[in-house]
$ cat protein_31.cif   # mmCIF, C-alpha atoms and all ligand atoms
data_entry
loop_
_atom_site.label_atom_id
_atom_site.label_comp_id
_atom_site.auth_asym_id
_atom_site.auth_seq_id
_atom_site.Cartn_x
_atom_site.Cartn_y
_atom_site.Cartn_z
CA MET O 20 -14.90 -19.78 3.83
CA LEU O 21 -11.97 -18.73 5.96
CA ILE O 22 -9.00 -16.76 4.75
CA GLU O 23 -5.59 -17.04 6.36
CA PHE O 24 -2.58 -15.10 5.24
CA GLN O 25 0.99 -14.59 6.29
CA GLU O 26 4.00 -12.55 5.25
CA PHE O 27 7.10 -14.50 4.24
CA PRO O 28 10.83 -13.83 3.85
CA PRO O 29 13.07 -12.71 2.37
CA ILE O 30 11.27 -9.54 1.21
CA GLY O 31 7.88 -9.69 2.95
CA THR O 32 5.63 -11.37 0.40
CA ASN O 33 2.11 -12.40 1.40
CA ALA O 34 0.63 -15.84 0.79
CA PHE O 35 -3.06 -16.64 1.26
CA ALA O 36 -5.05 -19.75 2.07
CA LEU O 37 -8.76 -19.94 1.28
CA VAL O 38 -10.12 -22.69 3.48
CA GLU O 39 -13.45 -24.46 3.15
CA PRO O 40 -13.60 -26.78 6.15
CA ALA O 41 -17.02 -28.14 5.15
CA LEU O 42 -15.43 -29.61 2.02
CA GLY O 43 -12.11 -30.48 3.62
CA GLN O 44 -10.31 -28.43 0.97
CA PHE O 45 -8.29 -25.28 0.62
CA VAL O 46 -6.66 -23.20 -2.09
CA VAL O 47 -3.33 -21.40 -1.70
CA VAL O 48 -2.62 -18.13 -3.50
CA ASP O 49 1.07 -17.38 -4.11
CA ALA O 50 4.06 -19.35 -2.98
CA PRO O 51 6.80 -17.25 -1.37
CA ALA O 52 9.69 -18.98 0.39
CA GLU O 53 8.45 -21.20 3.26
CA ALA O 54 4.82 -21.00 2.12
CA TYR O 55 4.70 -24.71 1.32
CA ASP O 56 5.54 -25.72 4.89
CA TRP O 57 2.97 -23.19 6.15
CA ALA O 58 0.31 -24.67 3.88
CA VAL O 59 1.11 -28.19 5.09
CA GLN O 60 0.69 -26.98 8.68
CA LEU O 61 -2.67 -25.43 7.76
CA SER O 62 -3.80 -28.64 6.11
CA LYS O 63 -3.22 -30.37 9.46
CA LYS O 64 -4.82 -27.56 11.47
CA TYR O 65 -8.04 -27.64 9.43
CA ASP O 66 -7.83 -31.29 8.37
CA CYS O 67 -8.12 -30.07 4.78
CA GLN O 68 -6.39 -30.98 1.52
CA ILE O 69 -4.60 -28.41 -0.62
CA ILE O 70 -6.39 -28.66 -3.98
CA ALA O 71 -4.85 -25.77 -5.92
CA LEU O 72 -2.10 -23.16 -6.03
CA ILE O 73 -3.01 -19.98 -7.89
CA LEU O 74 -0.08 -17.67 -8.69
CA THR O 75 -1.01 -13.99 -9.03
CA HIS O 76 2.09 -13.43 -11.17
CA GLY O 77 5.49 -14.85 -11.99
CA HIS O 78 7.88 -12.71 -9.94
CA TRP O 79 10.41 -14.78 -8.05
CA ASP O 80 9.28 -13.79 -4.55
CA HIS O 81 5.74 -15.08 -5.27
CA ILE O 82 6.77 -18.40 -6.82
CA VAL O 83 9.89 -19.62 -4.95
CA ASP O 84 7.98 -22.50 -3.31
CA GLY O 85 5.75 -23.17 -6.32
CA HIS O 86 7.70 -26.23 -7.44
CA LYS O 87 7.07 -27.88 -4.06
CA PHE O 88 3.30 -27.62 -4.53
CA ALA O 89 3.62 -28.97 -8.08
CA SER O 90 5.83 -31.86 -6.92
CA ALA O 91 3.16 -32.74 -4.35
CA GLY O 92 0.65 -33.13 -7.20
CA ILE O 93 -1.23 -29.91 -6.47
CA SER O 94 -2.84 -28.21 -9.50
CA THR O 95 -1.11 -24.95 -10.41
CA TYR O 96 -2.71 -21.90 -12.06
CA GLY O 97 -1.00 -18.93 -13.70
CA HIS O 98 -1.38 -16.39 -16.52
CA VAL O 99 0.42 -17.03 -19.79
CA GLY O 100 1.78 -13.45 -19.77
CA ASP O 101 4.35 -14.58 -17.19
CA LYS O 102 5.03 -17.96 -18.81
CA GLU O 103 8.75 -17.28 -19.18
CA MET O 104 9.16 -16.42 -15.50
CA PHE O 105 7.34 -19.58 -14.40
CA ALA O 106 9.43 -21.69 -16.78
CA SER O 107 12.82 -20.03 -16.24
CA PRO O 108 12.76 -18.16 -12.92
CA SER O 109 16.54 -18.15 -12.82
CA LYS O 110 16.29 -15.32 -15.38
CA MET O 111 15.08 -13.21 -12.44
CA ALA O 112 18.12 -14.13 -10.35
CA SER O 113 19.64 -10.68 -10.73
CA TYR O 114 16.57 -9.25 -8.92
CA ALA O 115 16.46 -11.97 -6.26
CA LEU O 116 18.70 -12.47 -3.27
CA PRO O 117 22.09 -14.01 -4.08
CA GLY O 118 22.20 -17.74 -3.48
CA LEU O 119 18.44 -18.24 -3.56
CA GLU O 120 17.54 -21.31 -5.59
CA LEU O 121 14.88 -20.57 -8.22
CA ASN O 122 13.18 -23.66 -9.64
CA PRO O 123 10.78 -23.72 -12.61
CA VAL O 124 7.09 -23.94 -11.71
CA PRO O 125 5.07 -26.15 -14.06
CA ILE O 126 1.67 -24.51 -14.67
CA LEU O 127 -1.15 -26.99 -15.23
CA HIS O 128 -3.95 -24.47 -15.86
CA TRP O 129 -3.40 -21.27 -17.83
CA ILE O 130 -5.91 -18.66 -16.69
CA LYS O 131 -6.95 -15.39 -18.33
CA GLY O 132 -9.08 -12.37 -17.62
CA GLY O 133 -12.78 -13.23 -17.66
CA ASP O 134 -12.25 -16.81 -16.50
CA THR O 135 -14.36 -18.14 -13.67
CA LEU O 136 -12.85 -20.82 -11.48
CA LYS O 137 -15.19 -23.09 -9.55
CA LEU O 138 -13.17 -24.15 -6.55
CA LEU O 139 -14.17 -24.82 -2.93
CA GLY O 140 -17.80 -24.62 -4.02
CA ALA O 141 -17.18 -20.92 -4.71
CA THR O 142 -17.03 -18.77 -7.82
CA MET O 143 -13.67 -17.08 -8.33
CA GLU O 144 -13.49 -14.41 -11.02
CA ILE O 145 -10.11 -13.88 -12.66
CA ARG O 146 -9.27 -10.35 -13.81
CA HIS O 147 -6.13 -9.59 -15.82
CA VAL O 148 -4.27 -6.64 -14.29
CA PRO O 149 -0.97 -6.14 -16.17
CA GLY O 150 1.37 -3.17 -15.71
CA HIS O 151 3.47 -4.44 -12.79
CA CYS O 152 4.26 -7.40 -15.03
CA PRO O 153 2.50 -8.84 -18.08
CA GLY O 154 0.79 -11.74 -16.29
CA ASN O 155 -0.57 -10.29 -13.04
CA VAL O 156 -4.10 -11.46 -12.27
CA LEU O 157 -6.46 -10.74 -9.41
CA ILE O 158 -8.83 -13.28 -7.94
CA TYR O 159 -12.21 -11.83 -6.96
CA LEU O 160 -14.74 -13.61 -4.77
CA LYS O 161 -17.92 -11.57 -5.00
CA LYS O 162 -19.80 -13.50 -2.33
CA GLU O 163 -16.93 -13.11 0.12
CA ALA O 164 -16.37 -9.47 -0.92
CA PHE O 165 -12.62 -9.71 -1.29
CA ALA O 166 -9.96 -9.74 -4.00
CA ILE O 167 -6.42 -11.08 -3.85
CA VAL O 168 -4.58 -8.80 -6.23
CA GLY O 169 -0.88 -9.65 -6.38
CA ASP O 170 1.29 -6.58 -6.92
CA VAL O 171 -1.02 -4.37 -8.99
CA ILE O 172 -1.96 -2.16 -6.03
CA PHE O 173 -0.98 -1.85 -2.35
CA ALA O 174 -2.45 0.04 0.57
CA GLY O 175 -1.43 3.61 -0.30
CA SER O 176 0.81 2.59 -3.18
CA VAL O 177 1.02 0.64 -6.43
CA GLY O 178 3.26 -2.11 -7.77
CA ARG O 179 6.62 -1.29 -9.30
CA TYR O 180 6.41 -0.58 -13.01
CA ASP O 181 10.14 -0.19 -13.65
CA LEU O 182 10.89 -3.92 -13.77
CA PRO O 183 11.06 -5.79 -17.13
CA GLY O 184 7.54 -6.00 -18.58
CA GLY O 185 6.28 -3.18 -16.37
CA ASP O 186 4.47 -0.11 -17.72
CA PHE O 187 2.86 2.68 -15.71
CA SER O 188 0.12 3.57 -18.19
CA VAL O 189 -0.87 -0.10 -18.41
CA LEU O 190 -0.81 -0.38 -14.60
CA GLN O 191 -2.93 2.74 -14.22
CA LYS O 192 -5.49 1.38 -16.68
CA SER O 193 -5.58 -2.00 -14.86
CA ILE O 194 -6.23 -0.30 -11.53
CA ARG O 195 -8.93 2.01 -12.89
CA THR O 196 -10.78 -0.54 -14.99
CA GLN O 197 -10.26 -3.79 -13.06
CA VAL O 198 -9.71 -2.81 -9.40
CA TYR O 199 -11.67 0.42 -8.93
CA SER O 200 -14.62 -1.13 -10.78
CA LEU O 201 -15.06 -3.68 -7.98
CA PRO O 202 -17.72 -2.88 -5.36
CA GLU O 203 -16.42 -0.23 -2.94
CA ASP O 204 -16.72 -2.49 0.10
CA THR O 205 -14.39 -5.10 -1.47
CA THR O 206 -11.42 -5.94 0.75
CA ILE O 207 -8.13 -5.89 -1.16
CA TYR O 208 -5.43 -8.37 -0.15
CA PRO O 209 -2.19 -7.23 -1.80
CA GLY O 210 0.97 -9.23 -2.37
CA HIS O 211 2.88 -7.01 0.07
CA GLY O 212 1.85 -5.03 3.13
CA PRO O 213 -1.50 -4.57 4.83
CA THR O 214 -5.05 -5.11 3.68
CA THR O 215 -7.10 -2.21 2.26
CA THR O 216 -10.43 -1.62 0.49
CA VAL O 217 -11.52 -0.43 -2.93
CA ALA O 218 -13.29 2.56 -1.38
CA HIS O 219 -10.18 3.61 0.56
CA GLU O 220 -7.79 3.40 -2.40
CA LYS O 221 -10.16 5.21 -4.77
CA VAL O 222 -10.02 8.21 -2.44
CA HIS O 223 -6.60 7.98 -0.83
CA ASN O 224 -4.24 6.18 -3.22
CA PRO O 225 -1.61 8.86 -3.95
CA ILE O 226 -0.47 7.40 -7.27
CA VAL O 227 -3.58 6.27 -9.15
CA LYS O 228 -6.75 8.27 -8.60
CA ALA O 229 -10.14 6.84 -9.49
ZN ZN O 301 5.77 -8.67 -8.24
#
$ encode --input "protein_31.cif" --output "structure tokens" --more "lines below"
Ligand SMILES: [Zn+2]
Amino acid sequence: MLIEFQEFPPIGTNAFALVEPALGQFVVVDAPAEAYDWAVQLSKKYDCQIIALILTHGHWDHIVDGHKFASAGISTYGHVGDKEMFASPSKMASYALPGLELNPVPILHWIKGGDTLKLLGATMEIRHVPGHCPGNVLIYLKKEAFAIVGDVIFAGSVGRYDLPGGDFSVLQKSIRTQVYSLPEDTTIYPGHGPTTTVAHEKVHNPIVKA
């Protein structure tokens, strides 16, 4: 499996593509602005079909392009904790950039902590990591030794907990029980900023200690 990722405007949100060339398939995680066109380019580059869009959470900057994937018939996955944001993203307009069009994202598959998705011939473990928002999930691929975590934790920081539905004590618990419990050599791909590891954050994260 290959992983590609890129940072997108307008506020530097990462999107990820998990590509399995042997199967001619790939899965996209998160849909910031312009991510749909990027994914279409990747599908040409690898001669692969986009089979799923998994949304780590419902914040506007992670779902702006989600409706384009859904309109193209791609299966969408999200956690019910952020149902309202997927259904009515315009409610987040006051946090988004003025003039940005926010379209509802229909979610086909509601996922929850403890679920295991079998996609790309791989096993993807879903862990529920609320605190930044109610519906943040991380996607852990044990065999590949990485986790795509949304905005629960960043390299040297943590997700904002002052937005509606945010709560620091909940966030802290999510990080300690669901992120720091992953094997230390697990690579963490956050929703913003650079890649890190479980081992590094357990020692160096200034906000949530192990
Ligand atoms: Zn967020």
$ residues_near_ligand --input "protein_31.cif" --ligand "ligand ZN 301 (chain O)" --cutoff "9 Å" --atoms "all atoms listed in the file" --output "VMD selection string"
chain O and resid 75 to 81 151 to 152 155 169 to 171 178 to 179 182 210 to 211
$ atom_distance --input "protein_31.cif" --atom1 "CA of Tyr159 in chain O" --atom2 "CA of Tyr114 in chain O"
29.0 Å
$ closest_atom_pairs --input "protein_31.cif" --of "range 123-209 of chain O" --to "range 20-25 of chain O" --cutoff "10 Å" --atoms "only C-alpha atoms" --output "CSV"
residue,atom,partner,partner_atom,distance
O:Leu139,CA,O:Met20,CA,8.5
O:Gly140,CA,O:Met20,CA,9.7
O:Ala141,CA,O:Met20,CA,8.9
O:Glu163,CA,O:Met20,CA,7.9
O:Phe165,CA,O:Ile22,CA,10.0
O:Tyr208,CA,O:Phe24,CA,9.1
$ axis_aligned_box --input "protein_31.cif" --around "range 99-109 of chain O" --padding-each-side "4 Å" --output "lines of an AutoDock Vina configuration file"
center_x = 8.5
center_y = -17.6
center_z = -16.3
size_x = 24.1
size_y = 16.2
size_z = 15.0
$ closest_residue --input "protein_31.cif" --among "O:Val59, O:Ala50, O:Ala112, O:Ala41" --to "Gly85 in chain O" --atoms "only C-alpha atoms"
O:Ala50
$ residues_near_point --input "protein_31.cif" --point "(4.9, -27.9, -13.8)" --cutoff "9 Å" --atoms "only C-alpha atoms" --output "NGL selection string"
:O and (85-86 or 89-90 or 94-95 or 105-106 or 123-127)
$ closest_residue --input "protein_31.cif" --among "O:His98, O:Lys221, O:Val38, O:Ser176" --to "Pro209 in chain O" --atoms "all atoms listed in the file"
O:Ser176
$ atom_distance --input "protein_31.cif" --atom1 "CA of Asp49 in chain O" --atom2 "CA of Pro117 in chain O"
21.3 Å
$ closest_residue --input "protein_31.cif" --among "O:Leu119, O:Val217, O:Val156, O:Leu190" --to "Gly133 in chain O" --atoms "all atoms listed in the file"
O:Val156
$ residues_around --input "protein_31.cif" --residues "Pro202 in chain O" --least-positions-apart "3" --cutoff "10 Å" --atoms "all atoms listed in the file" --output "number ranges by chain"
O: 161, 164-165, 198-199, 205-206, 216-218
$ closest_residue --input "protein_31.cif" --among "O:Asp84, O:Ala174, O:Ser113, O:Lys162" --to "Val47 in chain O" --atoms "only C-alpha atoms"
O:Asp84
$ closest_residue --input "protein_31.cif" --among "O:Val148, O:Pro213, O:Ala52, O:Leu72" --to "His128 in chain O" --atoms "only C-alpha atoms"
O:Leu72
$ atom_distance --input "protein_31.cif" --atom1 "CA of Trp57 in chain O" --atom2 "CA of Phe45 in chain O"
12.7 Å
$ residues_near_point --input "protein_31.cif" --point "(-5.4, -20.1, -17.8)" --cutoff "7 Å" --atoms "only C-alpha atoms" --output "list in words"
Tyr96, Gly97, His98, Val99, His128, Trp129, Ile130 and Lys131 of chain O
$ closest_residue --input "protein_31.cif" --among "O:Ile73, O:Val222, O:Val46, O:Leu121" --to "Ile145 in chain O" --atoms "only C-alpha atoms"
O:Ile73
$ decode --input "protein_31.cif" --residues "range 105-222 of chain O" --atoms "C-alpha atoms" --output "PDB file, in the first residue's frame"
ATOM      1  CA  PHE O 105     -22.161  16.649   7.676  1.00  0.00           C
ATOM      2  CA  ALA O 106     -25.850  17.390   7.090  1.00  0.00           C
ATOM      3  CA  SER O 107     -25.795  21.160   7.624  1.00  0.00           C
ATOM      4  CA  PRO O 108     -22.225  22.420   7.190  1.00  0.00           C
ATOM      5  CA  SER O 109     -23.511  25.934   6.606  1.00  0.00           C
ATOM      6  CA  LYS O 110     -23.977  26.057  10.401  1.00  0.00           C
ATOM      7  CA  MET O 111     -20.168  26.254  10.540  1.00  0.00           C
ATOM      8  CA  ALA O 112     -20.096  29.209   8.150  1.00  0.00           C
ATOM      9  CA  SER O 113     -19.181  31.637  10.917  1.00  0.00           C
ATOM     10  CA  TYR O 114     -15.939  29.652  11.431  1.00  0.00           C
ATOM     11  CA  ALA O 115     -15.203  29.256   7.721  1.00  0.00           C
ATOM     12  CA  LEU O 116     -13.919  31.808   5.263  1.00  0.00           C
ATOM     13  CA  PRO O 117     -16.560  34.264   4.025  1.00  0.00           C
ATOM     14  CA  GLY O 118     -18.022  33.305   0.679  1.00  0.00           C
ATOM     15  CA  LEU O 119     -16.993  29.657   0.851  1.00  0.00           C
ATOM     16  CA  GLU O 120     -19.819  27.406  -0.286  1.00  0.00           C
ATOM     17  CA  LEU O 121     -20.542  24.620   2.216  1.00  0.00           C
ATOM     18  CA  ASN O 122     -22.611  21.759   0.814  1.00  0.00           C
ATOM     19  CA  PRO O 123     -24.103  18.885   2.839  1.00  0.00           C
ATOM     20  CA  VAL O 124     -22.182  15.603   2.657  1.00  0.00           C
ATOM     21  CA  PRO O 125     -24.418  12.526   2.549  1.00  0.00           C
ATOM     22  CA  ILE O 126     -22.845   9.774   4.698  1.00  0.00           C
ATOM     23  CA  LEU O 127     -23.522   6.264   3.444  1.00  0.00           C
ATOM     24  CA  HIS O 128     -21.727   4.349   6.213  1.00  0.00           C
ATOM     25  CA  TRP O 129     -21.842   5.462   9.852  1.00  0.00           C
ATOM     26  CA  ILE O 130     -18.722   4.224  11.626  1.00  0.00           C
ATOM     27  CA  LYS O 131     -17.968   3.964  15.337  1.00  0.00           C
ATOM     28  CA  GLY O 132     -15.110   3.121  17.643  1.00  0.00           C
ATOM     29  CA  GLY O 133     -14.243  -0.581  17.500  1.00  0.00           C
ATOM     30  CA  ASP O 134     -15.348  -0.982  13.885  1.00  0.00           C
ATOM     31  CA  THR O 135     -13.056  -2.750  11.467  1.00  0.00           C
ATOM     32  CA  LEU O 136     -13.244  -1.746   7.824  1.00  0.00           C
ATOM     33  CA  LYS O 137     -12.053  -4.207   5.222  1.00  0.00           C
ATOM     34  CA  LEU O 138     -10.966  -2.036   2.329  1.00  0.00           C
ATOM     35  CA  LEU O 139      -8.118  -2.393  -0.183  1.00  0.00           C
ATOM     36  CA  GLY O 140      -7.569  -5.914   1.129  1.00  0.00           C
ATOM     37  CA  ALA O 141      -6.445  -4.312   4.405  1.00  0.00           C
ATOM     38  CA  THR O 142      -7.837  -4.155   7.918  1.00  0.00           C
ATOM     39  CA  MET O 143      -8.587  -0.618   9.091  1.00  0.00           C
ATOM     40  CA  GLU O 144      -9.401  -0.183  12.772  1.00  0.00           C
ATOM     41  CA  ILE O 145     -11.626   2.753  13.685  1.00  0.00           C
ATOM     42  CA  ARG O 146     -11.031   4.409  17.051  1.00  0.00           C
ATOM     43  CA  HIS O 147     -13.346   7.119  18.390  1.00  0.00           C
ATOM     44  CA  VAL O 148     -11.319  10.114  19.599  1.00  0.00           C
ATOM     45  CA  PRO O 149     -13.718  12.909  20.627  1.00  0.00           C
ATOM     46  CA  GLY O 150     -12.693  16.115  22.403  1.00  0.00           C
ATOM     47  CA  HIS O 151     -11.809  18.277  19.385  1.00  0.00           C
ATOM     48  CA  CYS O 152     -15.349  17.578  18.220  1.00  0.00           C
ATOM     49  CA  PRO O 153     -17.836  14.831  19.099  1.00  0.00           C
ATOM     50  CA  GLY O 154     -17.300  12.709  15.978  1.00  0.00           C
ATOM     51  CA  ASN O 155     -13.527  12.617  15.421  1.00  0.00           C
ATOM     52  CA  VAL O 156     -12.252   9.151  14.537  1.00  0.00           C
ATOM     53  CA  LEU O 157      -8.801   7.828  13.771  1.00  0.00           C
ATOM     54  CA  ILE O 158      -8.085   5.141  11.217  1.00  0.00           C
ATOM     55  CA  TYR O 159      -5.372   2.703  12.279  1.00  0.00           C
ATOM     56  CA  LEU O 160      -3.653   0.274   9.942  1.00  0.00           C
ATOM     57  CA  LYS O 161      -1.649  -2.058  12.154  1.00  0.00           C
ATOM     58  CA  LYS O 162       0.133  -3.837   9.315  1.00  0.00           C
ATOM     59  CA  GLU O 163       1.222  -0.530   7.789  1.00  0.00           C
ATOM     60  CA  ALA O 164       2.051   0.922  11.224  1.00  0.00           C
ATOM     61  CA  PHE O 165       0.291   4.230  10.724  1.00  0.00           C
ATOM     62  CA  ALA O 166      -2.798   6.085  11.910  1.00  0.00           C
ATOM     63  CA  ILE O 167      -4.636   8.955  10.244  1.00  0.00           C
ATOM     64  CA  VAL O 168      -5.999  10.866  13.204  1.00  0.00           C
ATOM     65  CA  GLY O 169      -7.879  13.980  12.087  1.00  0.00           C
ATOM     66  CA  ASP O 170      -7.518  16.847  14.552  1.00  0.00           C
ATOM     67  CA  VAL O 171      -7.187  14.976  17.858  1.00  0.00           C
ATOM     68  CA  ILE O 172      -3.412  15.461  18.028  1.00  0.00           C
ATOM     69  CA  PHE O 173      -0.724  17.251  15.982  1.00  0.00           C
ATOM     70  CA  ALA O 174       3.050  17.133  15.999  1.00  0.00           C
ATOM     71  CA  GLY O 175       3.817  19.030  19.214  1.00  0.00           C
ATOM     72  CA  SER O 176       0.243  20.153  19.765  1.00  0.00           C
ATOM     73  CA  VAL O 177      -3.373  19.016  20.075  1.00  0.00           C
ATOM     74  CA  GLY O 178      -6.619  19.910  18.341  1.00  0.00           C
ATOM     75  CA  ARG O 179      -8.608  22.945  19.420  1.00  0.00           C
ATOM     76  CA  TYR O 180     -11.073  22.173  22.183  1.00  0.00           C
ATOM     77  CA  ASP O 181     -12.713  25.603  22.345  1.00  0.00           C
ATOM     78  CA  LEU O 182     -14.983  25.074  19.332  1.00  0.00           C
ATOM     79  CA  PRO O 183     -18.619  23.908  19.769  1.00  0.00           C
ATOM     80  CA  GLY O 184     -18.598  20.280  20.948  1.00  0.00           C
ATOM     81  CA  GLY O 185     -14.983  20.501  22.092  1.00  0.00           C
ATOM     82  CA  ASP O 186     -13.823  19.519  25.583  1.00  0.00           C
ATOM     83  CA  PHE O 187     -10.254  19.365  26.870  1.00  0.00           C
ATOM     84  CA  SER O 188     -10.761  16.588  29.414  1.00  0.00           C
ATOM     85  CA  VAL O 189     -12.441  14.447  26.750  1.00  0.00           C
ATOM     86  CA  LEU O 190      -9.620  15.238  24.294  1.00  0.00           C
ATOM     87  CA  GLN O 191      -6.976  14.361  26.859  1.00  0.00           C
ATOM     88  CA  LYS O 192      -8.677  11.036  27.572  1.00  0.00           C
ATOM     89  CA  SER O 193      -8.935  10.258  23.824  1.00  0.00           C
ATOM     90  CA  ILE O 194      -5.230  10.925  23.331  1.00  0.00           C
ATOM     91  CA  ARG O 195      -4.150   8.886  26.349  1.00  0.00           C
ATOM     92  CA  THR O 196      -6.425   5.902  25.797  1.00  0.00           C
ATOM     93  CA  GLN O 197      -6.753   5.761  22.000  1.00  0.00           C
ATOM     94  CA  VAL O 198      -3.589   7.369  20.566  1.00  0.00           C
ATOM     95  CA  TYR O 199      -0.873   6.701  23.146  1.00  0.00           C
ATOM     96  CA  SER O 200      -2.048   3.079  23.403  1.00  0.00           C
ATOM     97  CA  LEU O 201      -0.996   2.463  19.793  1.00  0.00           C
ATOM     98  CA  PRO O 202       2.417   0.830  19.278  1.00  0.00           C
ATOM     99  CA  GLU O 203       5.188   3.398  19.796  1.00  0.00           C
ATOM    100  CA  ASP O 204       6.523   3.059  16.254  1.00  0.00           C
ATOM    101  CA  THR O 205       3.136   4.036  14.760  1.00  0.00           C
ATOM    102  CA  THR O 206       3.373   6.984  12.371  1.00  0.00           C
ATOM    103  CA  ILE O 207       0.725   9.619  13.062  1.00  0.00           C
ATOM    104  CA  TYR O 208      -0.719  11.533  10.117  1.00  0.00           C
ATOM    105  CA  PRO O 209      -2.597  14.534  11.537  1.00  0.00           C
ATOM    106  CA  GLY O 210      -5.195  16.683   9.817  1.00  0.00           C
ATOM    107  CA  HIS O 211      -2.842  19.679   9.902  1.00  0.00           C
ATOM    108  CA  GLY O 212       0.929  20.028   9.841  1.00  0.00           C
ATOM    109  CA  PRO O 213       3.700  17.452   9.686  1.00  0.00           C
ATOM    110  CA  THR O 214       3.798  13.760  10.426  1.00  0.00           C
ATOM    111  CA  THR O 215       4.898  12.487  13.861  1.00  0.00           C
ATOM    112  CA  THR O 216       5.009   9.224  15.834  1.00  0.00           C
ATOM    113  CA  VAL O 217       3.331   7.866  18.945  1.00  0.00           C
ATOM    114  CA  ALA O 218       6.706   7.518  20.671  1.00  0.00           C
ATOM    115  CA  HIS O 219       7.637  11.140  19.938  1.00  0.00           C
ATOM    116  CA  GLU O 220       4.360  12.647  21.167  1.00  0.00           C
ATOM    117  CA  LYS O 221       4.275  10.529  24.327  1.00  0.00           C
ATOM    118  CA  VAL O 222       7.571  12.123  25.349  1.00  0.00           C
TER     119      VAL O 222
END
